[in-house]
file upload.cif (mmCIF, C-alpha atoms)
data_entry
#
loop_
_atom_site.label_atom_id
_atom_site.label_comp_id
_atom_site.auth_asym_id
_atom_site.auth_seq_id
_atom_site.Cartn_x
_atom_site.Cartn_y
_atom_site.Cartn_z
CA MET A 24 14.90 -38.93 23.44
CA GLU A 25 13.87 -35.31 23.01
CA LEU A 26 14.45 -33.90 19.55
CA THR A 27 16.19 -30.55 19.25
CA GLY A 28 17.65 -28.37 16.51
CA GLN A 29 18.77 -30.22 13.40
CA ASN A 30 17.26 -33.51 14.51
CA SER A 31 13.89 -31.87 15.08
CA LEU A 32 13.89 -30.38 11.56
CA ASP A 33 14.86 -33.70 9.98
CA HIS A 34 12.15 -35.47 11.98
CA TYR A 35 9.55 -32.95 10.80
CA LEU A 36 10.55 -33.11 7.13
CA GLY A 37 10.85 -36.89 7.31
CA GLY A 38 7.23 -37.47 8.25
CA GLY A 39 5.73 -34.95 10.64
CA ILE A 40 5.03 -32.48 7.84
CA LYS A 41 2.46 -34.90 6.39
CA GLU A 42 0.44 -34.70 9.61
CA VAL A 43 -0.07 -30.94 9.29
CA VAL A 44 -2.92 -29.74 7.09
CA GLY A 45 -1.83 -27.13 4.57
CA TRP A 46 -0.73 -26.48 1.02
CA LEU A 47 3.01 -26.91 0.63
CA SER A 48 4.87 -29.00 -1.93
CA LEU A 49 7.38 -31.33 -0.31
CA THR A 50 9.90 -30.16 -2.89
CA SER A 51 9.38 -26.53 -1.88
CA ALA A 52 9.62 -27.55 1.79
CA GLU A 53 13.03 -29.08 1.05
CA PHE A 54 14.11 -25.92 -0.79
CA ILE A 55 13.16 -23.64 2.11
CA ALA A 56 14.90 -25.82 4.69
CA HIS A 57 18.01 -26.10 2.52
CA LEU A 58 18.23 -22.35 1.93
CA ALA A 59 17.84 -21.64 5.64
CA ARG A 60 20.62 -24.08 6.46
CA PHE A 61 22.78 -22.59 3.71
CA GLN A 62 22.30 -19.13 5.25
CA THR A 63 23.63 -20.46 8.55
CA ASN A 64 26.60 -22.05 6.80
CA ILE A 65 27.62 -18.74 5.17
CA GLY A 66 27.20 -16.76 8.38
CA ILE A 67 23.75 -15.21 7.91
CA THR A 68 21.82 -15.46 11.16
CA GLY A 69 18.68 -13.87 12.55
CA ASP A 70 15.00 -14.35 13.21
CA THR A 71 12.48 -15.90 10.82
CA CYS A 72 8.88 -14.92 10.11
CA GLU A 73 5.77 -16.00 8.27
CA ILE A 74 2.63 -14.03 7.47
CA GLY A 75 -0.28 -16.46 7.09
CA ILE A 76 0.04 -19.56 9.27
CA HIS A 77 -3.04 -21.75 8.78
CA HIS A 78 -1.92 -24.81 10.82
CA GLY A 79 1.81 -24.12 10.56
CA LYS A 80 2.91 -26.48 7.80
CA LEU A 81 5.61 -24.10 6.47
CA PHE A 82 6.16 -22.14 9.67
CA LEU A 83 7.35 -25.27 11.49
CA ILE A 84 10.32 -25.32 9.09
CA LEU A 85 11.14 -21.70 9.95
CA ALA A 86 10.83 -22.48 13.66
CA ASN A 87 13.08 -25.51 13.44
CA VAL A 88 15.90 -23.73 11.60
CA THR A 89 16.31 -21.20 14.43
CA SER A 90 18.90 -21.70 17.13
CA GLY A 91 20.58 -19.77 19.93
CA ASN A 92 18.97 -16.36 20.34
CA GLU A 93 17.03 -16.57 17.07
CA ARG A 94 13.25 -16.40 17.22
CA ALA A 95 10.49 -17.42 14.83
CA VAL A 96 7.55 -15.02 14.46
CA ALA A 97 4.10 -16.22 13.38
CA VAL A 98 1.66 -13.61 12.05
CA ASP A 99 -1.98 -14.50 11.42
CA ILE A 100 -5.43 -13.12 12.07
CA PHE A 101 -6.54 -16.55 13.34
CA SER A 102 -10.07 -16.14 14.75
CA ASP A 103 -10.38 -12.50 13.64
CA GLN A 104 -11.95 -13.65 10.39
CA HIS A 105 -13.67 -10.33 9.71
CA LYS A 106 -10.20 -9.24 8.53
CA ASN A 107 -9.98 -12.14 6.06
CA VAL A 108 -11.20 -10.08 3.11
CA ASP A 109 -10.53 -12.67 0.38
CA GLN A 110 -11.21 -15.86 2.39
CA SER A 111 -7.76 -17.16 1.43
CA GLY A 112 -7.34 -19.29 4.53
CA TYR A 113 -8.45 -19.92 8.11
CA GLY A 114 -5.67 -20.03 10.67
CA ASP A 115 -6.53 -22.14 13.70
CA ARG A 116 -4.41 -20.98 16.64
CA GLN A 117 -5.25 -23.92 18.89
CA ILE A 118 -4.24 -26.49 16.28
CA PHE A 119 -1.15 -24.45 15.39
CA GLU A 120 0.03 -24.25 18.99
CA GLY A 121 -0.46 -28.01 19.32
CA HIS A 122 1.78 -28.55 16.29
CA LEU A 123 4.40 -26.25 17.82
CA ARG A 124 4.49 -28.33 20.99
CA LYS A 125 4.80 -31.55 18.99
CA PHE A 126 7.14 -30.62 16.15
CA ALA A 127 9.13 -27.57 17.37
CA PRO A 128 9.19 -27.78 21.18
CA HIS A 129 12.68 -26.28 21.45
CA SER A 130 11.98 -23.19 19.30
CA ALA A 131 11.46 -19.65 20.60
CA VAL A 132 8.25 -18.49 18.94
CA ASP A 133 6.37 -15.18 19.02
CA ILE A 134 2.73 -15.23 17.87
CA VAL A 135 1.32 -11.97 16.51
CA GLN A 136 -2.45 -12.08 15.99
CA GLU A 137 -2.83 -9.16 13.62
CA SER A 138 -3.53 -8.34 10.00
CA SER A 139 -0.30 -7.64 8.16
CA LEU A 140 -1.90 -4.42 6.89
CA ASP A 141 -1.77 -3.13 10.47
CA LEU A 142 1.93 -3.94 10.95
CA THR A 143 3.49 -1.64 8.35
CA ASN A 144 3.52 1.44 10.58
CA SER A 145 3.96 -0.40 13.87
CA ASP A 146 6.96 -1.45 15.95
CA PHE A 147 6.85 -4.79 14.14
CA ALA A 148 8.33 -3.10 11.04
CA LYS A 149 11.48 -2.38 13.08
CA ARG A 150 12.22 -6.08 13.47
CA LYS A 151 14.77 -7.79 11.22
CA PHE A 152 14.54 -11.25 9.67
CA ARG A 153 16.79 -13.49 7.61
CA MET A 154 13.91 -15.50 6.16
CA PHE A 155 10.38 -14.23 5.60
CA SER A 156 7.45 -16.23 4.18
CA VAL A 157 4.60 -14.22 2.64
CA ASP A 158 1.43 -16.34 2.63
CA GLY A 159 -1.26 -14.07 4.05
CA GLY A 160 -4.10 -12.37 2.18
CA HIS A 161 -3.94 -12.94 -1.58
CA THR A 162 -5.33 -9.64 -2.82
CA SER A 163 -3.08 -7.34 -4.82
CA GLU A 164 -3.12 -4.75 -2.02
CA ILE A 165 -2.09 -7.21 0.68
CA THR A 166 0.54 -8.90 -1.49
CA GLN A 167 2.17 -5.56 -2.34
CA ASN A 168 2.01 -4.52 1.32
CA ASP A 169 3.54 -7.77 2.57
CA LEU A 170 6.40 -7.72 0.06
CA ALA A 171 7.19 -4.14 1.03
CA LEU A 172 7.02 -5.08 4.72
CA ALA A 173 9.36 -8.04 4.13
CA GLN A 174 11.80 -5.72 2.35
CA THR A 175 11.70 -3.27 5.27
CA CYS A 176 12.45 -6.08 7.72
CA ALA A 177 15.21 -7.68 5.61
CA ILE A 178 18.87 -7.89 6.51
CA PRO A 179 21.53 -8.30 3.79
CA GLY A 180 21.06 -11.79 2.39
CA SER A 181 17.50 -12.20 3.65
CA ILE A 182 15.31 -14.61 1.69
CA VAL A 183 11.64 -13.83 1.05
CA VAL A 184 9.36 -16.69 -0.03
CA LEU A 185 6.11 -15.64 -1.75
CA ASP A 186 3.23 -18.12 -1.98
CA ASP A 187 0.86 -18.76 -4.91
CA ILE A 188 2.82 -16.67 -7.40
CA LEU A 189 1.45 -18.64 -10.39
CA ASN A 190 -1.84 -19.86 -8.93
CA SER A 191 -4.64 -18.95 -11.34
CA HIS A 192 -7.16 -18.98 -8.46
CA TRP A 193 -5.32 -16.12 -6.73
CA LEU A 194 -4.35 -13.68 -9.47
CA GLY A 195 -4.13 -10.89 -6.92
CA VAL A 196 -0.72 -12.29 -5.97
CA ILE A 197 0.87 -11.73 -9.38
CA GLU A 198 -0.86 -8.34 -9.66
CA GLY A 199 0.39 -7.29 -6.23
CA THR A 200 3.89 -8.49 -7.14
CA ALA A 201 3.80 -6.39 -10.31
CA ARG A 202 2.66 -3.37 -8.32
CA TYR A 203 5.48 -3.93 -5.86
CA PHE A 204 8.12 -3.88 -8.60
CA ILE A 205 6.51 -0.93 -10.41
CA ALA A 206 6.71 0.97 -7.12
CA SER A 207 10.49 0.39 -7.15
CA GLY A 208 10.50 -2.71 -4.98
CA GLY A 209 14.07 -3.64 -4.16
CA LEU A 210 13.91 -7.40 -3.66
CA VAL A 211 15.54 -9.55 -6.37
CA PRO A 212 13.83 -12.76 -7.58
CA PHE A 213 16.15 -15.74 -8.09
CA ALA A 214 14.05 -18.92 -8.28
CA ILE A 215 10.61 -20.46 -8.54
CA SER A 216 9.69 -23.85 -7.11
CA PRO A 217 6.20 -25.40 -6.99
CA ASN A 218 3.90 -22.57 -5.89
CA LYS A 219 6.73 -20.45 -4.42
CA LEU A 220 8.79 -17.46 -5.60
CA TYR A 221 12.13 -16.78 -3.90
CA LEU A 222 13.59 -13.28 -3.58
CA THR A 223 16.58 -11.77 -1.81
CA THR A 224 18.24 -8.43 -1.19
CA SER A 225 20.80 -8.07 -4.01
CA ASP A 226 21.98 -9.47 -7.34
CA ASP A 227 25.02 -11.01 -5.66
CA PHE A 228 22.95 -12.96 -3.14
CA ALA A 229 20.45 -13.90 -5.86
CA LYS A 230 23.23 -15.56 -7.88
CA ARG A 231 24.66 -17.23 -4.81
CA TYR A 232 21.34 -18.72 -3.75
CA ALA A 233 20.36 -19.74 -7.29
CA ASP A 234 23.71 -21.49 -7.79
CA GLU A 235 23.29 -23.34 -4.50
CA LEU A 236 19.81 -24.54 -5.43
CA LYS A 237 21.06 -25.69 -8.85
CA ARG A 238 23.87 -27.60 -7.17
CA ALA A 239 21.68 -29.25 -4.55
CA PHE A 240 18.55 -29.84 -6.65
CA LYS A 241 19.78 -30.26 -10.20
CA ASP A 242 17.23 -33.07 -10.70
CA ALA A 243 14.40 -30.52 -10.32
CA ILE A 244 15.61 -27.83 -12.75
CA SER A 245 12.87 -27.11 -15.29
CA LYS A 246 14.16 -24.06 -17.17
CA GLU A 247 16.81 -21.36 -16.89
CA PRO A 248 17.28 -18.52 -17.25
CA VAL A 249 13.76 -17.08 -17.21
CA GLU A 250 13.22 -13.32 -17.21
CA PHE A 251 10.99 -12.04 -14.43
CA PHE A 252 10.56 -8.30 -13.75
CA GLY A 253 14.06 -7.51 -14.94
CA SER A 254 15.77 -10.42 -13.17
CA GLN A 255 16.92 -13.82 -14.39
CA LEU A 256 15.71 -16.73 -12.32
CA VAL A 257 15.71 -20.52 -12.32
CA VAL A 258 12.45 -22.47 -12.57
CA PHE A 259 12.30 -25.72 -10.60
CA GLY A 260 9.62 -28.40 -10.80
CA GLU A 261 8.82 -31.24 -8.44
CA ARG A 262 11.74 -33.49 -7.62
CA PRO A 263 11.48 -36.97 -9.19
CA SER A 264 11.32 -38.49 -5.70
CA GLN A 265 8.04 -36.61 -5.17
CA TRP A 266 6.37 -37.65 -8.42
CA HIS A 267 4.89 -40.89 -7.13
CA VAL A 268 2.94 -40.28 -3.95
CA PRO A 269 1.23 -43.44 -2.60
CA PRO A 270 -2.55 -43.34 -3.27
CA ALA A 271 -3.27 -43.82 0.44
CA GLU A 272 -1.33 -40.62 1.26
CA LEU A 273 -3.19 -38.68 -1.42
CA GLU A 274 -6.55 -39.91 -0.08
CA LEU A 275 -5.58 -39.07 3.51
CA ALA A 276 -4.48 -35.55 2.52
CA ARG A 277 -7.72 -35.04 0.60
CA ALA A 278 -9.83 -36.21 3.55
CA ARG A 279 -7.96 -33.93 5.97
CA HIS A 280 -8.46 -30.95 3.65
CA GLU A 281 -12.21 -31.65 3.31
CA LEU A 282 -12.60 -32.04 7.08
CA THR A 283 -10.76 -28.76 7.70
CA THR A 284 -12.96 -26.99 5.14
CA ILE A 285 -16.12 -28.27 6.86
CA ARG A 286 -14.90 -27.28 10.31
CA ASN A 287 -14.02 -23.79 9.12
CA THR A 288 -17.51 -23.07 7.83
CA ILE A 289 -19.70 -20.66 9.80
CA SER A 290 -22.49 -23.23 10.19
CA TRP A 291 -20.10 -25.79 11.73
CA ARG A 292 -18.83 -23.29 14.29
CA ILE A 293 -22.32 -21.99 15.14
CA THR A 294 -23.69 -25.49 15.75
CA ALA A 295 -20.72 -26.58 17.88
CA PRO A 296 -22.60 -26.08 21.22
CA LEU A 297 -25.51 -28.20 19.93
CA ARG A 298 -23.19 -31.03 18.96
CA TRP A 299 -21.55 -30.87 22.38
CA VAL A 300 -24.93 -31.15 24.18
CA ARG A 301 -25.95 -34.06 21.96
CA SER A 302 -22.70 -35.94 22.59
CA ALA A 303 -23.05 -35.32 26.35
CA PHE A 304 -26.48 -36.98 26.37
#
call {"tool": "encode", "arguments": {"input": "upload.cif", "output": "structure tokens"}}
result
Amino acid sequence: MELTGQNSLDHYLGGGIKEVVGWLSLTSAEFIAHLARFQTNIGITGDTCEIGIHHGKLFLILANVTSGNERAVAVDIFSDQHKNVDQSGYGDRQIFEGHLRKFAPHSAVDIVQESSLDLTNSDFAKRKFRMFSVDGGHTSEITQNDLALAQTCAIPGSIVVLDDILNSHWLGVIEGTARYFIASGGLVPFAISPNKLYLTTSDDFAKRYADELKRAFKDAISKEPVEFFGSQLVVFGERPSQWHVPPAELELARARHELTTIRNTISWRITAPLRWVRSAF
């Protein structure tokens, strides 16, 4: 039986997500899916978008929550790695499109192979989205640009999800976030979950979304309220159900990550023709 809509999302979260290489807490994946469903329940509809795809681990959630005339937009430089100034990830379009066919076959998806820095003054900035994931370049300049772009493309009640907000390896993210708010950024933070910051378009929506997360995920509340750039937000940790991951799953995830890292190196790509000739013989 072909999976569509809600069933497709549940199927992906229930197991498919573990097959996709990437860096996304299962708790945060549940939060994003829940918030997108909650938007639909309260009458907020529209397209979804992510900047920074890698293999599509998070984007497949955004694709599967769309329905009707809604579209999901994937933005990544993919093979244009000369634009990857901080080496924060390597999006593989072929692998990504394979995951789309397997895990979101019903979804209407637009793929934009561009740097987000080139989208600010383009027709793309005229598009509107109800959910927007920012996970592209991790420099302060790109983070500030992408938050401002997400704000430009937001409709009332839009949710913006920012990656690596507290990751000490990518301090450009917190610096770019600070620059965004200093420059009178209008998005309102309302929650933090593992490796993700959630923002929306007004204080009223911030309270509404925070209250919904507290209701649905009270077992993951770590601390509240916490002041963050003039707003009060809720800090969530991993859900207890995610604390004990089977060792075999951890080892498999580690092996997949190492293999992806090797395949993304320049030497691996340069020697690909030689390996093909050798295997042919």
call {"tool": "resolve_selection", "arguments": {"input": "upload.cif", "expression": "the PyMOL selection byres ((chain A and resi 202) around 12)", "output": "list of chain:residue names"}}
result
A:Thr162, A:Ser163, A:Glu164, A:Ile165, A:Thr166, A:Gln167, A:Asn168, A:Asp169, A:Leu170, A:Ala171, A:Gly195, A:Val196, A:Ile197, A:Glu198, A:Gly199, A:Thr200, A:Ala201, A:Tyr203, A:Phe204, A:Ile205, A:Ala206, A:Ser207, A:Gly208, A:Phe252
call {"tool": "residues_around", "arguments": {"input": "upload.cif", "residues": "A:Gly38", "least_positions_apart": "3", "cutoff": "12 Å", "atoms": "only C-alpha atoms", "output": "list of chain:residue names"}}
result
A:Ser31, A:Leu32, A:Asp33, A:His34, A:Tyr35, A:Lys41, A:Glu42, A:Val43, A:Leu49, A:Lys80, A:Phe126, A:Glu272
call {"tool": "resolve_selection", "arguments": {"input": "upload.cif", "expression": "the PyMOL selection byres ((chain A and resi 152) around 6)", "output": "compact mmCIF listing (two decimals) with C-alpha atoms, keeping the file's coordinate frame"}}
result
# COMPACT_ATOMS: atom_id res chain seq x y z
CA GLY A 69 18.68 -13.87 12.55
CA ASP A 70 15.00 -14.35 13.21
CA THR A 71 12.48 -15.90 10.82
CA LYS A 151 14.77 -7.79 11.22
CA ARG A 153 16.79 -13.49 7.61
CA MET A 154 13.91 -15.50 6.16
CA CYS A 176 12.45 -6.08 7.72
CA ALA A 177 15.21 -7.68 5.61
call {"tool": "closest_residue", "arguments": {"input": "upload.cif", "among": "A:Asp99, A:Asp186, A:Glu247, A:Lys125", "to": "A:Leu47", "atoms": "all atoms listed in the file"}}
result
A:Asp186
call {"tool": "closest_residue", "arguments": {"input": "upload.cif", "among": "A:Val183, A:Leu83, A:Val211, A:Ile76", "to": "A:Asp158", "atoms": "only C-alpha atoms"}}
result
A:Ile76
call {"tool": "resolve_selection", "arguments": {"input": "upload.cif", "expression": "the PyMOL selection byres ((chain A and resi 54) around 10)", "output": "ChimeraX atom specification"}}
result
/A:48-53,55-60,216,219,221,236,239-240,259
call {"tool": "closest_residue", "arguments": {"input": "upload.cif", "among": "A:Lys246, A:Tyr232, A:Gly45, A:Thr175", "to": "A:Asn144", "atoms": "all atoms listed in the file"}}
result
A:Thr175
call {"tool": "atom_distance", "arguments": {"input": "upload.cif", "atom1": "atom CA of A:Ser156", "atom2": "atom CA of A:Lys241"}}
result
23.6 Å
call {"tool": "residues_near_point", "arguments": {"input": "upload.cif", "point": "(10.5, -12.2, 17.0)", "cutoff": "8 Å", "atoms": "all atoms listed in the file", "output": "list in words"}}
result
Asp70, Thr71, Cys72, Glu93, Arg94, Ala95, Val96, Val132, Asp133 and Arg150 of chain A
call {"tool": "decode", "arguments": {"input": "upload.cif", "residues": "stretch 228-256 of chain A", "atoms": "N, CA, C and O atoms", "output": "PDB file, in the first residue's frame"}}
result
ATOM      1  N   PHE A 228       2.033  34.353  19.254  1.00  0.00           N
ATOM      2  CA  PHE A 228       2.308  33.024  18.702  1.00  0.00           C
ATOM      3  C   PHE A 228       3.400  32.319  19.502  1.00  0.00           C
ATOM      4  O   PHE A 228       3.355  31.095  19.678  1.00  0.00           O
ATOM      5  N   ALA A 229       4.391  33.071  19.994  1.00  0.00           N
ATOM      6  CA  ALA A 229       5.451  32.466  20.796  1.00  0.00           C
ATOM      7  C   ALA A 229       4.864  31.776  22.021  1.00  0.00           C
ATOM      8  O   ALA A 229       5.228  30.639  22.358  1.00  0.00           O
ATOM      9  N   LYS A 230       3.954  32.449  22.715  1.00  0.00           N
ATOM     10  CA  LYS A 230       3.319  31.854  23.892  1.00  0.00           C
ATOM     11  C   LYS A 230       2.480  30.647  23.511  1.00  0.00           C
ATOM     12  O   LYS A 230       2.483  29.616  24.205  1.00  0.00           O
ATOM     13  N   ARG A 231       1.770  30.766  22.411  1.00  0.00           N
ATOM     14  CA  ARG A 231       0.899  29.669  21.982  1.00  0.00           C
ATOM     15  C   ARG A 231       1.699  28.418  21.651  1.00  0.00           C
ATOM     16  O   ARG A 231       1.343  27.300  22.057  1.00  0.00           O
ATOM     17  N   TYR A 232       2.793  28.599  20.920  1.00  0.00           N
ATOM     18  CA  TYR A 232       3.622  27.452  20.549  1.00  0.00           C
ATOM     19  C   TYR A 232       4.353  26.879  21.764  1.00  0.00           C
ATOM     20  O   TYR A 232       4.463  25.653  21.904  1.00  0.00           O
ATOM     21  N   ALA A 233       4.866  27.752  22.631  1.00  0.00           N
ATOM     22  CA  ALA A 233       5.563  27.271  23.826  1.00  0.00           C
ATOM     23  C   ALA A 233       4.619  26.473  24.715  1.00  0.00           C
ATOM     24  O   ALA A 233       4.979  25.409  25.239  1.00  0.00           O
ATOM     25  N   ASP A 234       3.408  26.970  24.897  1.00  0.00           N
ATOM     26  CA  ASP A 234       2.422  26.262  25.722  1.00  0.00           C
ATOM     27  C   ASP A 234       2.086  24.899  25.128  1.00  0.00           C
ATOM     28  O   ASP A 234       1.911  23.914  25.857  1.00  0.00           O
ATOM     29  N   GLU A 235       1.989  24.832  23.793  1.00  0.00           N
ATOM     30  CA  GLU A 235       1.678  23.563  23.151  1.00  0.00           C
ATOM     31  C   GLU A 235       2.816  22.560  23.338  1.00  0.00           C
ATOM     32  O   GLU A 235       2.573  21.367  23.610  1.00  0.00           O
ATOM     33  N   LEU A 236       4.054  23.019  23.209  1.00  0.00           N
ATOM     34  CA  LEU A 236       5.189  22.121  23.417  1.00  0.00           C
ATOM     35  C   LEU A 236       5.244  21.643  24.861  1.00  0.00           C
ATOM     36  O   LEU A 236       5.519  20.464  25.126  1.00  0.00           O
ATOM     37  N   LYS A 237       4.962  22.533  25.808  1.00  0.00           N
ATOM     38  CA  LYS A 237       4.963  22.136  27.229  1.00  0.00           C
ATOM     39  C   LYS A 237       3.868  21.107  27.498  1.00  0.00           C
ATOM     40  O   LYS A 237       4.062  20.182  28.298  1.00  0.00           O
ATOM     41  N   ARG A 238       2.745  21.265  26.844  1.00  0.00           N
ATOM     42  CA  ARG A 238       1.647  20.308  27.031  1.00  0.00           C
ATOM     43  C   ARG A 238       2.011  18.943  26.451  1.00  0.00           C
ATOM     44  O   ARG A 238       1.778  17.902  27.080  1.00  0.00           O
ATOM     45  N   ALA A 239       2.572  18.956  25.250  1.00  0.00           N
ATOM     46  CA  ALA A 239       2.814  17.705  24.533  1.00  0.00           C
ATOM     47  C   ALA A 239       4.103  17.005  24.967  1.00  0.00           C
ATOM     48  O   ALA A 239       4.208  15.778  24.847  1.00  0.00           O
ATOM     49  N   PHE A 240       5.073  17.783  25.453  1.00  0.00           N
ATOM     50  CA  PHE A 240       6.386  17.207  25.773  1.00  0.00           C
ATOM     51  C   PHE A 240       6.838  17.609  27.181  1.00  0.00           C
ATOM     52  O   PHE A 240       7.997  17.986  27.382  1.00  0.00           O
ATOM     53  N   LYS A 241       5.936  17.516  28.133  1.00  0.00           N
ATOM     54  CA  LYS A 241       6.275  17.941  29.489  1.00  0.00           C
ATOM     55  C   LYS A 241       7.402  17.101  30.087  1.00  0.00           C
ATOM     56  O   LYS A 241       8.114  17.562  30.988  1.00  0.00           O
ATOM     57  N   ASP A 242       7.582  15.863  29.586  1.00  0.00           N
ATOM     58  CA  ASP A 242       8.651  15.011  30.091  1.00  0.00           C
ATOM     59  C   ASP A 242      10.034  15.476  29.651  1.00  0.00           C
ATOM     60  O   ASP A 242      11.053  14.988  30.160  1.00  0.00           O
ATOM     61  N   ALA A 243      10.103  16.434  28.714  1.00  0.00           N
ATOM     62  CA  ALA A 243      11.397  16.893  28.202  1.00  0.00           C
ATOM     63  C   ALA A 243      11.766  18.297  28.674  1.00  0.00           C
ATOM     64  O   ALA A 243      12.837  18.804  28.328  1.00  0.00           O
ATOM     65  N   ILE A 244      10.895  18.926  29.475  1.00  0.00           N
ATOM     66  CA  ILE A 244      11.184  20.288  29.945  1.00  0.00           C
ATOM     67  C   ILE A 244      12.413  20.267  30.849  1.00  0.00           C
ATOM     68  O   ILE A 244      12.486  19.511  31.811  1.00  0.00           O
ATOM     69  N   SER A 245      13.381  21.120  30.526  1.00  0.00           N
ATOM     70  CA  SER A 245      14.614  21.218  31.309  1.00  0.00           C
ATOM     71  C   SER A 245      14.621  22.445  32.218  1.00  0.00           C
ATOM     72  O   SER A 245      14.966  22.358  33.391  1.00  0.00           O
ATOM     73  N   LYS A 246      14.198  23.600  31.663  1.00  0.00           N
ATOM     74  CA  LYS A 246      14.173  24.823  32.463  1.00  0.00           C
ATOM     75  C   LYS A 246      13.286  25.848  31.785  1.00  0.00           C
ATOM     76  O   LYS A 246      13.284  25.965  30.562  1.00  0.00           O
ATOM     77  N   GLU A 247      12.562  26.605  32.626  1.00  0.00           N
ATOM     78  CA  GLU A 247      11.763  27.725  32.124  1.00  0.00           C
ATOM     79  C   GLU A 247      11.462  28.681  33.274  1.00  0.00           C
ATOM     80  O   GLU A 247      11.380  28.241  34.442  1.00  0.00           O
ATOM     81  N   PRO A 248      11.272  29.963  32.998  1.00  0.00           N
ATOM     82  CA  PRO A 248      11.629  30.598  31.719  1.00  0.00           C
ATOM     83  C   PRO A 248      13.118  30.925  31.679  1.00  0.00           C
ATOM     84  O   PRO A 248      13.753  31.091  32.722  1.00  0.00           O
ATOM     85  N   VAL A 249      13.668  31.022  30.494  1.00  0.00           N
ATOM     86  CA  VAL A 249      15.060  31.408  30.293  1.00  0.00           C
ATOM     87  C   VAL A 249      15.082  32.624  29.388  1.00  0.00           C
ATOM     88  O   VAL A 249      14.472  32.619  28.320  1.00  0.00           O
ATOM     89  N   GLU A 250      15.777  33.684  29.822  1.00  0.00           N
ATOM     90  CA  GLU A 250      15.832  34.901  29.022  1.00  0.00           C
ATOM     91  C   GLU A 250      16.800  34.739  27.865  1.00  0.00           C
ATOM     92  O   GLU A 250      17.911  34.215  28.022  1.00  0.00           O
ATOM     93  N   PHE A 251      16.368  35.178  26.686  1.00  0.00           N
ATOM     94  CA  PHE A 251      17.188  35.040  25.488  1.00  0.00           C
ATOM     95  C   PHE A 251      16.882  36.206  24.560  1.00  0.00           C
ATOM     96  O   PHE A 251      15.809  36.265  23.962  1.00  0.00           O
ATOM     97  N   PHE A 252      17.799  37.163  24.484  1.00  0.00           N
ATOM     98  CA  PHE A 252      17.646  38.343  23.634  1.00  0.00           C
ATOM     99  C   PHE A 252      16.298  39.018  23.841  1.00  0.00           C
ATOM    100  O   PHE A 252      15.581  39.339  22.888  1.00  0.00           O
ATOM    101  N   GLY A 253      15.947  39.220  25.101  1.00  0.00           N
ATOM    102  CA  GLY A 253      14.741  39.958  25.436  1.00  0.00           C
ATOM    103  C   GLY A 253      13.465  39.147  25.451  1.00  0.00           C
ATOM    104  O   GLY A 253      12.402  39.682  25.757  1.00  0.00           O
ATOM    105  N   SER A 254      13.553  37.861  25.134  1.00  0.00           N
ATOM    106  CA  SER A 254      12.376  36.987  25.157  1.00  0.00           C
ATOM    107  C   SER A 254      12.535  35.933  26.245  1.00  0.00           C
ATOM    108  O   SER A 254      13.643  35.645  26.695  1.00  0.00           O
ATOM    109  N   GLN A 255      11.416  35.348  26.642  1.00  0.00           N
ATOM    110  CA  GLN A 255      11.421  34.254  27.598  1.00  0.00           C
ATOM    111  C   GLN A 255      11.099  32.964  26.851  1.00  0.00           C
ATOM    112  O   GLN A 255      10.085  32.884  26.157  1.00  0.00           O
ATOM    113  N   LEU A 256      11.975  31.985  26.981  1.00  0.00           N
ATOM    114  CA  LEU A 256      11.732  30.748  26.259  1.00  0.00           C
ATOM    115  C   LEU A 256      11.838  29.538  27.179  1.00  0.00           C
ATOM    116  O   LEU A 256      12.285  29.639  28.319  1.00  0.00           O
TER     117      LEU A 256
END
